[in-house]
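Inspection log for the structure reproduced underneath, given as structure tokens.
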Amino acid sequence: MFKNLLNIKDLSVEDIKAIFSESDRIAKYLRKGQKSLDVLKGKSIMTLFYENSTRTRVSFENAANFLGATVTSVNVATSSVQKGETLIDTAETLDSMQTDLFVMRHSISGASDLLAKTVEAKVINAGDGLHAHPTQALLDMYTMREHFGSVKGLTVTIIGDVKHSRVARSNIYGLSKMGATVKIYGPNTLIPEGIENMPCTVCHSLEEAFANSDIIMALRIQLERQQKGLFPSVSEYHKYFGINDKNLQFAKKDVAIMHPGPVNRNVEVAENILSSEKSLINRQVHNGLITRMGILNLMLGKTI
Ligand code: CP
């Protein structure tokens with residue numbers, strides 16, 4: 001099994017299948033209401049989030065708690081990082097406290113690789129800059145597998161701000177590795193340079209993007225970037241790139257809607273679609289807990 005989880009590209013198909021299988025076993029216990037599994041008793045896990053998060057941080061902390069590990073959530077805002085301590089010095093300090101595994105989010109692409117080179121403990125990348133968010137892609141693929149039976153053979157359209165999205169990058173590589181077809185659509189200003197070298201097809205109209213897709217995955221529009229003129233306005237964005245009843249006429253009747261969260265309601269997805277049966281968004285959050293339990297177990301050498 002892999003020592004660190006830094007990028008979905010580093011995982012083999014067998015690694016991903018092993019995570020899904022362990023997650024399936026864990027899901028059985030959770031369905032019975034068993035949240036105290038004690039598999040990781042004696043293991044020490046630290047979460048180190050330099051960027052905001054709800055889903056990823058809380059699901060990792062719940063996952064580690066349910067498995068019986070000792071969990072420490074480092075509050076970066078009140079830590080010595082605020083006194084100017086470097087990432088390497090912080091990492092070496094925390095590594096000296098009998099830590100078995102770090103879960104880190106950072107705004108700089110490559111920060112998790114640097115952490116992994118610095119510490120003896122194992123490292124999970126919980127999102128680094130624009131680069132990678134491997135556990136998000138794993139929970140997304142697990143959710144697709146749960147809903148459709150298999151990832152292989154699915155057609156997935158990723159729509160929105162692909163340029164700034166580590167979620168899109170991890171899903172493009174993860175989905176293609178698992179045998180899915182990936183289509184991309186969004187404003188020209190939000191499609192990254194070099195997309196032609198990634199295993200996906202860029203669509204040039206919404207009709208083309210939605211046609212024959214089993215899943216449409218909307219990405220969060222980073223409203224803080226709107227001042228930079230990357231798209232004209234939020235309402236225009238919704239009109240041309242948002243998911244609503246009007247443009248879903250171009251999609252399959254049983255298309256599923258996904259979004260990594262947090263959602264800007266009525267921007268990326270219309271409110272009524274968010275609460276419809278098509279939305280798998282709450283399953284994504286639930287499966288985030290399950291798959292992260294599976295990942296922690298496998299990385300720390302335990303299985304259920
Ligand atoms: N999807 C995701 O990474 O959400 P958070 O920022 O809330 O962790």
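Letters A, B, ... go to the chains of the structure tokens in the order shown; residues in each chain start at 1; ligands are counted from 1 in the same order.
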
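Using only C-alpha atoms and all ligand atoms as the basis for the distance check, residues found within 9 Å of ligand 1 are A:Glu51, A:Asn52, A:Ser53, A:Thr54, A:Arg55, A:Thr56, A:Arg57, A:Val58, A:Ser59, A:Arg105, A:Ala126, A:Gly127, A:His133, A:Thr135, A:Gln136, A:Val167, A:His259, A:Pro260, A:Gly261, A:Pro262, A:Val285.
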
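Excluding Asn297 of chain A and any residue on its chain fewer than 5 positions from it, the residues at most 10 Å away by only C-alpha atoms are Ile19, Glu22, Ser23, Ile26, Val39, Leu40, Ala63, Ala64, Leu67, Thr291, Arg292, Lys302, Thr303 and Ile304 of chain A.
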
Subject >> Nearby residues (only C-alpha atoms) at most 8 Å from Asp214 of chain A, same-chain spacing under 2 positions excluded, as a count of residues only >> reply: 9

Subject >> Among the residues A:Lys253, A:Lys152, A:His131, A:Lys177, the one that comes closest to Ser12 of chain A [using only C-alpha atoms] >> reply: A:Lys177

Pick out the residues sitting within 10 Å of Leu300 of chain A, and hand them over as a PDB file with N, CA, C and O atoms, in the first residue's frame; count only C-alpha atoms, and ignore anything fewer than 6 positions along from it in its own chain.
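After the write, result-v2.pdb holds the following:
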ATOM      1  N   MET A   1       0.856  -1.210   0.000  1.00  0.00           N
ATOM      2  CA  MET A   1       0.000   0.000   0.000  1.00  0.00           C
ATOM      3  C   MET A   1       0.884   1.250   0.000  1.00  0.00           C
ATOM      4  O   MET A   1       1.985   1.225   0.532  1.00  0.00           O
ATOM      5  N   LYS A   3       2.619   4.853   0.734  1.00  0.00           N
ATOM      6  CA  LYS A   3       2.958   5.482   2.026  1.00  0.00           C
ATOM      7  C   LYS A   3       2.186   6.783   2.197  1.00  0.00           C
ATOM      8  O   LYS A   3       1.603   7.054   3.245  1.00  0.00           O
ATOM      9  N   VAL A  39     -10.284   0.454  15.404  1.00  0.00           N
ATOM     10  CA  VAL A  39      -9.275  -0.201  14.563  1.00  0.00           C
ATOM     11  C   VAL A  39      -7.936   0.534  14.649  1.00  0.00           C
ATOM     12  O   VAL A  39      -6.874  -0.078  14.556  1.00  0.00           O
ATOM     13  N   LEU A  40      -7.988   1.861  14.799  1.00  0.00           N
ATOM     14  CA  LEU A  40      -6.753   2.653  14.804  1.00  0.00           C
ATOM     15  C   LEU A  40      -6.370   3.114  16.213  1.00  0.00           C
ATOM     16  O   LEU A  40      -5.666   4.114  16.377  1.00  0.00           O
ATOM     17  N   LYS A  43      -2.999   5.017  17.334  1.00  0.00           N
ATOM     18  CA  LYS A  43      -2.436   5.819  16.229  1.00  0.00           C
ATOM     19  C   LYS A  43      -2.755   7.303  16.452  1.00  0.00           C
ATOM     20  O   LYS A  43      -3.827   7.650  16.971  1.00  0.00           O
ATOM     21  N   ASP A 100       1.603   9.816  13.589  1.00  0.00           N
ATOM     22  CA  ASP A 100       1.659   8.743  12.585  1.00  0.00           C
ATOM     23  C   ASP A 100       1.253   9.232  11.204  1.00  0.00           C
ATOM     24  O   ASP A 100       1.730   8.705  10.197  1.00  0.00           O
ATOM     25  N   LEU A 101       0.342  10.209  11.172  1.00  0.00           N
ATOM     26  CA  LEU A 101      -0.174  10.631   9.859  1.00  0.00           C
ATOM     27  C   LEU A 101      -0.649  12.084   9.929  1.00  0.00           C
ATOM     28  O   LEU A 101      -1.318  12.474  10.887  1.00  0.00           O
ATOM     29  N   LYS A 122       3.217   9.639   7.783  1.00  0.00           N
ATOM     30  CA  LYS A 122       2.567   9.584   6.465  1.00  0.00           C
ATOM     31  C   LYS A 122       1.798  10.878   6.225  1.00  0.00           C
ATOM     32  O   LYS A 122       1.446  11.572   7.199  1.00  0.00           O
TER      33      LYS A 122
END

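Distances to Phe210 of chain A were evaluated for A:Val267, A:Met198, A:Ile191, A:Ile184 using only C-alpha atoms, and the minimum falls at A:Ile184.
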
At a cut-off of 10 Å, using only C-alpha atoms, what residues contact Lys35 of chain A? Leave out same-chain residues fewer than 3 positions from it and give the result as a tab-separated table (two decimals) with N, CA, C and O atoms, in the first residue's frame.
chain	number	residue	atom	x	y	z
A	26	ILE	N	-16.56	-0.76	5.72
A	26	ILE	CA	-16.83	0.24	6.75
A	26	ILE	C	-18.29	0.69	6.68
A	26	ILE	O	-18.97	0.86	7.71
A	29	TYR	N	-20.72	-1.32	8.72
A	29	TYR	CA	-20.74	-1.01	10.17
A	29	TYR	C	-21.52	0.27	10.44
A	29	TYR	O	-22.32	0.34	11.37
A	30	LEU	N	-21.28	1.30	9.62
A	30	LEU	CA	-21.96	2.58	9.85
A	30	LEU	C	-23.47	2.44	9.65
A	30	LEU	O	-24.26	3.06	10.37
A	31	ARG	N	-23.87	1.60	8.68
A	31	ARG	CA	-25.31	1.38	8.46
A	31	ARG	C	-25.96	0.79	9.70
A	31	ARG	O	-27.12	1.02	9.99
A	32	LYS	N	-25.19	0.00	10.46
A	32	LYS	CA	-25.72	-0.60	11.71
A	32	LYS	C	-25.62	0.37	12.87
A	32	LYS	O	-25.90	0.03	14.02
A	38	ASP	N	-12.53	1.34	16.81
A	38	ASP	CA	-11.29	1.06	17.55
A	38	ASP	C	-10.17	0.42	16.73
A	38	ASP	O	-9.23	-0.14	17.31
A	62	ASN	N	-13.78	13.18	11.93
A	62	ASN	CA	-14.78	12.18	12.32
A	62	ASN	C	-14.29	10.78	11.99
A	62	ASN	O	-14.43	9.84	12.79
A	63	ALA	N	-13.73	10.64	10.79
A	63	ALA	CA	-13.24	9.31	10.37
A	63	ALA	C	-12.21	8.79	11.36
A	63	ALA	O	-12.29	7.64	11.83
A	65	ASN	N	-11.71	9.73	14.48
A	65	ASN	CA	-12.35	9.49	15.79
A	65	ASN	C	-13.14	8.18	15.79
A	65	ASN	O	-13.06	7.39	16.73
A	66	PHE	N	-13.94	7.94	14.75
A	66	PHE	CA	-14.75	6.71	14.68
A	66	PHE	C	-13.85	5.47	14.69
A	66	PHE	O	-14.25	4.42	15.17
A	67	LEU	N	-12.62	5.63	14.14
A	67	LEU	CA	-11.70	4.48	14.07
A	67	LEU	C	-10.85	4.34	15.33
A	67	LEU	O	-10.01	3.45	15.42
A	68	GLY	N	-11.03	5.25	16.27
A	68	GLY	CA	-10.36	5.11	17.57
A	68	GLY	C	-8.99	5.73	17.66
A	68	GLY	O	-8.27	5.52	18.66

**OP:** Fewer than 2 positions away in the same chain doesn't count, so skip those; otherwise give me all residues within 12 Å of Thr93 of chain A, counting only C-alpha atoms, as a count of residues only.
**Re:** 20

**OP:** Go through segment 95-180 of chain A and collect every residue that DSSP, computed from the backbone, puts in helix (DSSP H, G or I); the answer should be as an MDAnalysis selection string.
**Re:** chainID A and resid 95 111:118 134:148 166:177

Subject >> Top pick for closest residue to Arg283 of chain A, considering A:Val269, A:Ala180, A:Ile172, A:Met144 and counting only C-alpha atoms >> reply: A:Met144

**OP:** Tell me which protein, DNA and RNA residues are within 8 Å of Leu6 of chain A, counting only C-alpha atoms, leaving out same-chain ones fewer than 2 positions away, and put them as JSON, numbers by chain.
**Re:** {"A": [4, 8, 10, 112, 113, 123, 124, 125, 132, 134]}

Would you output that residue set with C-alpha atoms, as a compact mmCIF listing (two decimals), in the first residue's frame?
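Result file part.txt:
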# COMPACT_ATOMS: atom_id res chain seq x y z
CA ASN A 4 1.53 8.94 1.20
CA ILE A 8 -4.50 10.53 -7.58
CA ASP A 10 0.24 8.07 -7.91
CA SER A 112 1.98 18.43 0.58
CA ASP A 113 4.94 17.05 -1.40
CA VAL A 123 0.89 12.46 4.62
CA ILE A 124 -2.52 12.89 3.00
CA ASN A 125 -2.98 15.88 0.71
CA ALA A 132 -4.63 18.13 -6.43
CA PRO A 134 -7.10 13.20 -4.32

Original post:
Which residue out of A:Asp161, A:Glu146, A:Asp24, A:Asp140 has the minimum interatomic distance to Leu219 of chain A when only C-alpha atoms are used?
Top reply: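 Of A:Asp161, A:Glu146, A:Asp24, A:Asp140, the one nearest Leu219 of chain A, counting only C-alpha atoms, is A:Asp161.
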
**OP:** May I have all residues of segment 131-293 of chain A that DSSP, computed from the backbone, assigns to strand (DSSP E or B), given as a count of residues only?
**Re:** 24

Original post:
Can you tell me how far atom CA of Val263 of chain A sits from atom CA of Leu223 of chain A, in Å to one decimal?
Top reply: 11.2 Å

Subject >> Pairwise distance for atom CA of Phe2 of chain A and atom CA of Met299 of chain A, rounded to one decimal in Å >> reply: 6.9 Å
